[in-house]
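Q: My structure is in model-v5.txt, and what it holds is compact mmCIF, C-alpha atoms and all ligand atoms:
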```
# COMPACT_ATOMS: atom_id res chain seq x y z
CA MET I 1 106.75 117.40 103.31
CA LEU I 2 103.53 119.21 104.24
CA ILE I 3 100.39 118.58 102.18
CA ILE I 4 97.67 121.22 102.62
CA GLY I 5 94.13 120.85 101.25
CA ILE I 6 92.20 124.08 100.70
CA THR I 7 88.49 123.85 99.92
CA GLY I 8 85.36 126.05 100.05
CA GLY I 9 82.57 126.93 97.65
CA THR I 10 83.14 128.50 94.29
CA GLY I 11 84.07 132.17 94.66
CA SER I 12 84.92 131.77 98.34
CA GLY I 13 88.47 132.89 97.51
CA LYS I 14 90.50 129.66 97.49
CA THR I 15 92.71 130.72 94.58
CA THR I 16 93.16 134.18 96.08
CA VAL I 17 94.15 132.68 99.45
CA VAL I 18 96.69 130.44 97.69
CA LYS I 19 98.14 133.47 95.87
CA GLN I 20 98.42 135.36 99.17
CA ILE I 21 100.19 132.39 100.79
CA LEU I 22 102.56 132.20 97.80
CA ASN I 23 103.46 135.90 98.07
CA GLU I 24 106.52 135.50 100.24
CA LEU I 25 107.45 131.97 99.23
CA THR I 26 109.65 130.84 96.35
CA GLU I 27 108.57 128.26 93.79
CA ASP I 28 111.45 126.10 95.08
CA ASP I 29 109.49 125.41 98.25
CA ILE I 30 105.88 125.04 97.18
CA CYS I 31 103.76 123.50 94.43
CA ILE I 32 100.07 123.92 93.66
CA ILE I 33 97.65 121.29 92.46
CA SER I 34 94.27 122.56 91.30
CA GLN I 35 91.29 120.21 91.39
CA ASP I 36 89.99 122.03 88.29
CA SER I 37 92.85 120.45 86.31
CA TYR I 38 91.35 117.05 87.10
CA TYR I 39 87.87 117.40 85.60
CA SER I 40 87.42 114.13 83.72
CA ASP I 41 88.51 114.06 80.10
CA THR I 42 85.32 114.54 78.05
CA SER I 43 86.82 114.68 74.56
CA HIS I 44 84.31 112.05 73.40
CA LEU I 45 81.47 114.60 73.93
CA SER I 46 80.53 117.51 71.68
CA TYR I 47 80.96 121.08 72.98
CA GLU I 48 77.16 121.31 73.34
CA GLU I 49 77.09 118.13 75.43
CA ARG I 50 79.99 119.35 77.58
CA THR I 51 78.15 122.59 78.48
CA LYS I 52 75.46 120.43 80.12
CA ILE I 53 77.85 118.59 82.48
CA ASN I 54 77.25 119.07 86.20
CA PHE I 55 80.70 120.37 87.14
CA ASP I 56 79.78 120.70 90.81
CA HIS I 57 79.13 116.98 91.36
CA PRO I 58 81.97 114.78 92.71
CA GLN I 59 81.50 112.42 89.76
CA SER I 60 82.77 115.12 87.39
CA ILE I 61 86.25 114.82 88.90
CA ASP I 62 88.84 112.19 88.00
CA PHE I 63 89.64 111.48 91.66
CA ASP I 64 91.66 108.36 90.75
CA LEU I 65 94.17 110.45 88.79
CA LEU I 66 94.15 113.34 91.29
CA THR I 67 94.76 111.02 94.26
CA GLN I 68 97.42 109.10 92.33
CA HIS I 69 99.25 112.35 91.51
CA VAL I 70 99.18 113.65 95.10
CA GLN I 71 100.41 110.24 96.30
CA GLN I 72 103.23 110.29 93.71
CA LEU I 73 104.30 113.80 94.78
CA LYS I 74 104.32 112.56 98.37
CA GLU I 75 106.65 109.77 97.26
CA GLY I 76 108.98 112.36 95.68
CA LYS I 77 107.96 111.68 92.08
CA THR I 78 107.32 114.31 89.39
CA ILE I 79 103.89 114.34 87.72
CA ASN I 80 102.32 115.70 84.54
CA GLN I 81 99.48 117.89 85.84
CA PRO I 82 96.69 118.25 83.26
CA VAL I 83 95.68 121.72 82.08
CA TYR I 84 91.95 122.58 81.94
CA SER I 85 90.13 125.03 79.69
CA PHE I 86 86.98 126.63 81.15
CA VAL I 87 86.22 127.98 77.69
CA GLU I 88 86.29 124.54 76.03
CA HIS I 89 84.91 122.76 79.13
CA ASN I 90 87.65 120.18 78.68
CA ARG I 91 91.25 119.28 79.37
CA THR I 92 93.71 120.69 76.87
CA LYS I 93 96.42 118.60 75.26
CA GLU I 94 99.07 120.30 77.44
CA THR I 95 100.32 119.20 80.82
CA ILE I 96 102.52 120.94 83.38
CA LEU I 97 105.52 119.09 84.74
CA THR I 98 105.07 119.41 88.51
CA SER I 99 107.88 118.40 90.85
CA PRO I 100 107.46 117.55 94.54
CA LYS I 101 108.24 120.38 96.96
CA LYS I 102 108.41 120.78 100.73
CA VAL I 103 104.88 122.16 100.70
CA ILE I 104 102.14 120.92 98.38
CA ILE I 105 98.85 122.79 98.23
CA VAL I 106 95.81 121.07 96.71
CA GLU I 107 92.82 123.37 96.15
CA GLY I 108 89.30 122.80 94.88
CA ILE I 109 85.61 122.75 95.75
CA LEU I 110 85.26 118.96 96.07
CA ILE I 111 88.60 117.76 97.43
CA PHE I 112 87.26 116.91 100.91
CA THR I 113 84.45 114.73 99.50
CA ASN I 114 86.85 111.92 98.59
CA PRO I 115 88.06 110.05 101.72
CA THR I 116 91.26 108.67 100.12
CA LEU I 117 92.36 112.11 98.93
CA ARG I 118 91.24 113.78 102.16
CA ASN I 119 93.42 111.42 104.20
CA LEU I 120 96.52 112.58 102.32
CA PHE I 121 96.20 116.12 103.73
CA ASP I 122 98.23 117.07 106.80
CA ILE I 123 96.24 120.30 107.18
CA LYS I 124 92.71 120.83 105.94
CA ILE I 125 91.49 124.40 105.39
CA TYR I 126 87.96 125.56 104.49
CA VAL I 127 87.59 129.06 103.04
CA HIS I 128 84.14 130.46 103.84
CA ALA I 129 82.26 133.28 102.15
CA ASP I 130 78.49 133.85 102.20
CA SER I 131 76.57 132.54 99.18
CA ASP I 132 75.49 136.01 97.97
CA GLU I 133 79.11 137.19 98.09
CA ARG I 134 80.26 134.06 96.23
CA LEU I 135 77.61 134.51 93.54
CA ILE I 136 78.57 138.16 92.95
CA ARG I 137 82.27 137.18 92.66
CA ARG I 138 81.43 134.26 90.39
CA VAL I 139 79.37 136.42 88.01
CA LYS I 140 82.17 138.99 87.73
CA ARG I 141 84.98 136.42 87.40
CA ASP I 142 83.27 134.05 84.94
CA ILE I 143 82.31 136.90 82.62
CA ALA I 144 85.76 138.51 82.83
CA GLU I 145 87.93 135.37 82.79
CA ARG I 146 86.00 132.26 81.79
CA GLY I 147 84.17 133.33 78.63
CA ARG I 148 80.65 133.22 80.14
CA ASP I 149 77.64 135.55 80.03
CA LEU I 150 75.24 136.48 82.83
CA ASP I 151 72.58 133.94 81.76
CA GLU I 152 75.07 131.07 81.76
CA VAL I 153 76.38 131.88 85.23
CA LEU I 154 72.93 132.40 86.76
CA ASN I 155 71.43 129.26 85.16
CA ARG I 156 74.36 127.13 86.31
CA TYR I 157 74.12 128.65 89.79
CA GLN I 158 70.41 127.87 90.15
CA ASN I 159 70.34 124.46 88.46
CA THR I 160 73.50 122.75 89.69
CA LEU I 161 75.92 124.90 91.64
CA LYS I 162 73.66 125.89 94.54
CA PRO I 163 72.09 122.42 95.15
CA MET I 164 75.48 120.69 94.77
CA HIS I 165 77.10 123.15 97.18
CA GLN I 166 74.42 122.38 99.75
CA GLN I 167 74.60 118.62 99.18
CA PHE I 168 78.34 118.02 98.87
CA ILE I 169 80.52 121.00 99.75
CA GLU I 170 79.13 122.90 102.75
CA SER I 171 79.12 119.72 104.87
CA THR I 172 82.85 119.10 104.29
CA LYS I 173 83.51 122.06 106.62
CA GLU I 174 83.34 119.50 109.43
CA TYR I 175 86.65 117.98 108.22
CA ALA I 176 88.50 121.31 108.37
CA ASP I 177 91.27 122.00 110.87
CA ILE I 178 91.08 125.70 110.05
CA ILE I 179 88.16 127.76 108.70
CA ILE I 180 89.14 131.07 107.08
CA PRO I 181 86.26 133.59 106.96
CA ASN I 182 86.71 135.39 103.65
CA ASN I 183 83.76 137.75 103.15
CA LYS I 184 86.46 140.39 103.42
CA PHE I 185 90.19 139.97 102.81
CA ASN I 186 91.45 138.15 105.92
CA THR I 187 95.08 139.04 106.52
CA VAL I 188 95.15 137.52 110.01
CA GLY I 189 93.86 134.15 108.76
CA ILE I 190 96.39 134.09 105.91
CA ASN I 191 99.23 135.01 108.28
CA ILE I 192 98.35 132.08 110.56
CA VAL I 193 98.64 129.67 107.62
CA LYS I 194 101.89 131.34 106.49
CA THR I 195 103.33 130.92 110.00
CA ILE I 196 102.54 127.19 109.94
CA ILE I 197 104.19 126.83 106.52
CA ASN I 198 107.27 128.85 107.52
CA GLU I 199 107.73 126.68 110.61
CA LYS I 200 107.76 123.64 108.35
CA LEU I 201 110.27 125.25 105.97
CA SER I 202 112.69 126.49 108.65
N1 LIG I 301 88.06 138.49 100.29
C1 LIG I 301 87.71 138.90 99.07
N2 LIG I 301 87.08 140.08 98.90
C2 LIG I 301 86.70 140.49 97.67
N3 LIG I 301 86.92 139.80 96.52
C3 LIG I 301 87.55 138.61 96.64
C4 LIG I 301 87.98 138.10 97.91
N4 LIG I 301 88.58 136.89 97.71
C5 LIG I 301 88.52 136.67 96.38
N5 LIG I 301 87.91 137.68 95.75
C6 LIG I 301 87.63 137.80 94.30
O1 LIG I 301 86.55 136.90 94.00
C7 LIG I 301 86.77 136.22 92.79
C8 LIG I 301 86.78 134.72 93.04
O2 LIG I 301 87.90 134.43 93.86
P1 LIG I 301 88.73 133.08 93.66
O3 LIG I 301 89.93 133.18 94.52
O4 LIG I 301 88.92 132.81 92.21
O5 LIG I 301 87.68 132.04 94.29
P2 LIG I 301 87.67 130.45 94.22
O6 LIG I 301 89.04 129.99 93.80
O7 LIG I 301 87.30 130.02 95.60
O8 LIG I 301 86.59 130.12 93.21
C9 LIG I 301 88.10 136.72 92.23
O9 LIG I 301 87.82 137.69 91.26
C10 LIG I 301 88.80 137.36 93.43
O10 LIG I 301 89.59 138.45 93.07
N1 LIG I 302 83.90 123.67 82.45
C1 LIG I 302 83.63 124.10 83.70
C2 LIG I 302 84.19 123.48 84.81
C3 LIG I 302 83.90 123.98 86.07
N2 LIG I 302 83.08 125.06 86.19
C4 LIG I 302 82.80 125.62 87.51
O1 LIG I 302 84.00 125.88 88.21
C5 LIG I 302 83.71 125.88 89.59
C6 LIG I 302 84.93 125.41 90.37
O2 LIG I 302 86.01 126.27 90.18
P1 LIG I 302 86.34 127.45 91.24
O3 LIG I 302 87.64 128.00 90.73
O4 LIG I 302 85.23 128.44 91.16
O5 LIG I 302 86.45 126.82 92.58
C7 LIG I 302 82.53 124.97 89.81
O6 LIG I 302 81.58 125.63 90.60
C8 LIG I 302 81.99 124.70 88.39
O7 LIG I 302 80.63 125.03 88.27
C9 LIG I 302 82.56 125.66 85.08
O8 LIG I 302 81.81 126.67 85.19
N3 LIG I 302 82.84 125.18 83.85
```
Can the structure from this file be put into structure tokens for me?

A:
Amino acid sequence: MLIIGITGGTGSGKTTVVKQILNELTEDDICIISQDSYYSDTSHLSYEERTKINFDHPQSIDFDLLTQHVQQLKEGKTINQPVYSFVEHNRTKETILTSPKKVIIVEGILIFTNPTLRNLFDIKIYVHADSDERLIRRVKRDIAERGRDLDEVLNRYQNTLKPMHQQFIESTKEYADIIIPNNKFNTVGINIVKTIINEKLS
């Protein structure tokens, strides 16, 4: 089994990189765990209170459950991956049955900040894009896909996202085995990762 951790700031292109890696692979060989699925359950809070959560701080993530699930997959066990709603700012009641595969990809902005989780990764990848590029992508994506408006995205960016990125995320680049520059689509970088995965699968 090969466990790959893929991190980088919001909008750097982590999800896109994962999709590109998945292109030529079958679901029999690979499973994806998204850190976003492991935002802590905040059902005890009102919607209004949930909008004020700092979602870019490591404390917003249920690392105990995320680490436990990656460990269980490593041991060949099937897990119930939570499903997260960016519209509700909360976990939904659904879960996705996720079985262990030869390759497990864990992706998310904060996954290298937790030493126990970090140590489970055989390969650590950091996807880099400049902050202006990430902000532009984030504005477009959050308005189109996550039910936000321009004010919400810009306020969150200024008040929490940018300082948290500087404090917690940027520095985790030092743990990376591979850094993929992703200001533009990086076919060469993706192909290198695909080659490593295919070697493992062959
Ligand atoms: N290299 C790229 N060039 C241009 N747009 C990109 C690139 N990579 C990703 N995007 C776009 O930017 C947005 C955010 O990408 P996404 O993969 O969701 O980032 P992340 O998962 O890191 O937050 C998406 O709309 C995606 O299509
Ligand atoms: N309810 C939430 C939860 C998280 N966010 C933002 O998502 C970003 C991480 O996801 P990416 O796919 O962009 O890596 C993070 O920056 C949080 O601010 C949110 O807006 N609402």

Q: Got a sec to check which residues sit within 12 Å of (90.2, 138.6, 106.8), counting only C-alpha atoms, and write them as a compact mmCIF listing (two decimals) with C-alpha atoms, in the frame of the given file?

A:
```txt
# COMPACT_ATOMS: atom_id res chain seq x y z
CA GLY I 13 88.47 132.89 97.51
CA THR I 16 93.16 134.18 96.08
CA VAL I 17 94.15 132.68 99.45
CA GLN I 20 98.42 135.36 99.17
CA VAL I 127 87.59 129.06 103.04
CA HIS I 128 84.14 130.46 103.84
CA ALA I 129 82.26 133.28 102.15
CA ILE I 179 88.16 127.76 108.70
CA ILE I 180 89.14 131.07 107.08
CA PRO I 181 86.26 133.59 106.96
CA ASN I 182 86.71 135.39 103.65
CA ASN I 183 83.76 137.75 103.15
CA LYS I 184 86.46 140.39 103.42
CA PHE I 185 90.19 139.97 102.81
CA ASN I 186 91.45 138.15 105.92
CA THR I 187 95.08 139.04 106.52
CA VAL I 188 95.15 137.52 110.01
CA GLY I 189 93.86 134.15 108.76
CA ILE I 190 96.39 134.09 105.91
CA ASN I 191 99.23 135.01 108.28
CA ILE I 192 98.35 132.08 110.56
```

Q: Skip Leu65 of chain I itself and residues of its chain fewer than 5 positions away, then list as a list in words all residues within 10 Å of it, counting all atoms listed in the file.

A: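 Neighbouring residues, sequence-local ones excluded: Tyr38, Tyr39, Ser40, Val70, Gln71, Gln81 and Pro82 of chain I.
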
Q: Find the residues of chain I that sit at most 9 Å from ligand LIG 302 (chain I); for each, write down the nearest two atoms and how far apart they are in Å, to one decimal. Count all atoms listed in the file. Sort by chain, then by number going up, and give it as CSV.

A:
```
residue,atom,partner,partner_atom,distance
I:Thr7,CA,I:LIG302,O5,8.2
I:Gly8,CA,I:LIG302,O5,7.6
I:Gly9,CA,I:LIG302,O5,6.4
I:Thr10,CA,I:LIG302,O4,3.8
I:Gly11,CA,I:LIG302,O4,5.2
I:Ser12,CA,I:LIG302,O5,7.7
I:Gly13,CA,I:LIG302,O5,8.1
I:Lys14,CA,I:LIG302,O5,7.0
I:Thr15,CA,I:LIG302,O3,6.9
I:Ser34,CA,I:LIG302,O3,8.6
I:Gln35,CA,I:LIG302,O2,8.1
I:Asp36,CA,I:LIG302,O2,6.1
I:Tyr39,CA,I:LIG302,C2,7.2
I:Arg50,CA,I:LIG302,N1,7.6
I:Thr51,CA,I:LIG302,N1,7.1
I:Ile53,CA,I:LIG302,N1,7.9
I:Asn54,CA,I:LIG302,O7,7.2
I:Phe55,CA,I:LIG302,C8,4.7
I:Asp56,CA,I:LIG302,O7,5.1
I:His57,CA,I:LIG302,C8,8.8
I:Ser60,CA,I:LIG302,C2,8.9
I:Tyr84,CA,I:LIG302,N1,8.1
I:Ser85,CA,I:LIG302,N1,6.9
I:Phe86,CA,I:LIG302,N1,4.5
I:Val87,CA,I:LIG302,N1,6.8
I:Glu88,CA,I:LIG302,N1,6.9
I:His89,CA,I:LIG302,N1,3.6
I:Asn90,CA,I:LIG302,N1,6.4
I:Glu107,CA,I:LIG302,O5,8.1
I:Gly108,CA,I:LIG302,O5,5.4
I:Ile109,CA,I:LIG302,O5,5.2
I:Leu110,CA,I:LIG302,C6,8.6
I:Arg138,CA,I:LIG302,O4,7.0
I:Arg141,CA,I:LIG302,O4,8.8
I:Asp142,CA,I:LIG302,O8,7.5
I:Arg146,CA,I:LIG302,O8,7.8
I:Arg148,CA,I:LIG302,O8,8.4
I:Glu152,CA,I:LIG302,O8,8.7
I:Val153,CA,I:LIG302,O8,7.5
I:Arg156,CA,I:LIG302,O7,6.9
I:Tyr157,CA,I:LIG302,O7,7.6
I:Thr160,CA,I:LIG302,O7,7.6
I:Leu161,CA,I:LIG302,O7,5.8
I:Lys162,CA,I:LIG302,O6,8.8
I:Met164,CA,I:LIG302,O6,8.9
I:His165,CA,I:LIG302,O6,8.3
```

Q: Enclose ligand LIG 301 (chain I), meaning all of its atoms listed in the file, in a box aligned along x, y and z, pad it by 3 Å on each side, and list the centre and edge lengths in Å to one decimal, as lines of an AutoDock Vina configuration file.

A:
```
center_x = 88.2
center_y = 135.2
center_z = 95.8
size_x = 9.4
size_y = 16.5
size_z = 15.0
```

Q: Using only C-alpha atoms, which of I:Asp41, I:Asp151, I:Thr113, I:Gly5 sits nearest Lys93 of chain I?

A: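 Closest to Lys93 of chain I of all the choices is I:Asp41.
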
Q: Between I:Phe112, I:Tyr126, I:Tyr175, I:Phe168, which residue has the minimum interatomic distance to ligand LIG 301 (chain I), considering all atoms listed in the file?

A: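 Of I:Phe112, I:Tyr126, I:Tyr175, I:Phe168, the one nearest ligand LIG 301 (chain I), counting all atoms listed in the file, is I:Tyr126.
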
Q: With distances taken over all atoms listed in the file, which residue among I:Thr172, I:Lys19, I:Lys52, I:Lys74 lies nearest Asn155 of chain I?

A: I:Lys52

Q: Pick from I:Leu45, I:Val103, I:Leu201, I:Ile136: nearest to ligand LIG 301 (chain I), with all atoms listed in the file counted?

A: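 Ranking I:Leu45, I:Val103, I:Leu201, I:Ile136 by distance to ligand LIG 301 (chain I), first place goes to I:Ile136.
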
Q: Using all atoms listed in the file, which of I:Glu145, I:Glu24, I:Asp62, I:Glu49 sits nearest ligand LIG 301 (chain I)?

A: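 Of all the options, I:Glu145 lies closest to ligand LIG 301 (chain I).
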
Q: Between atom C6 of ligand LIG 301 (chain I) and atom CA of Asp122 of chain I, what is the spacing in Å?

A: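 Computing the Euclidean distance for atom CA of Asp122 of chain I and atom C6 of ligand LIG 301 (chain I) yields 26.4 Å.
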
Q: What gap, in Å, lies between atom CA of His44 of chain I and atom CA of Leu97 of chain I?

A: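 We find that atom CA of His44 of chain I and atom CA of Leu97 of chain I lie 25.1 Å from each other.
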
Q: When distances are computed from all atoms listed in the file, which of I:Val193, I:Leu25, I:Leu2, I:Val106 shows the smallest separation from ligand LIG 301 (chain I)?

A: I:Val106

Q: What is the atom CA of Asp130 of chain I-atom CA of Glu170 of chain I distance in Å, reported with one decimal?

A: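 Computing it gives 11.0 Å between the two atoms.
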
Q: Excluding Lys102 of chain I and any residue of its chain fewer than 3 positions from it, enumerate the residues within 9 Å of it, using all atoms listed in the file, and give them as a ChimeraX atom specification.

A: /I:1-3,28-31,200-201

Q: Find the spatial neighbours of His69 of chain I, counting only C-alpha atoms, within a cut-off of 9 Å - ignore same-chain residues fewer than 5 positions away - and output them as a PyMOL selection string.

A: chain I and resi 64+74+77-81
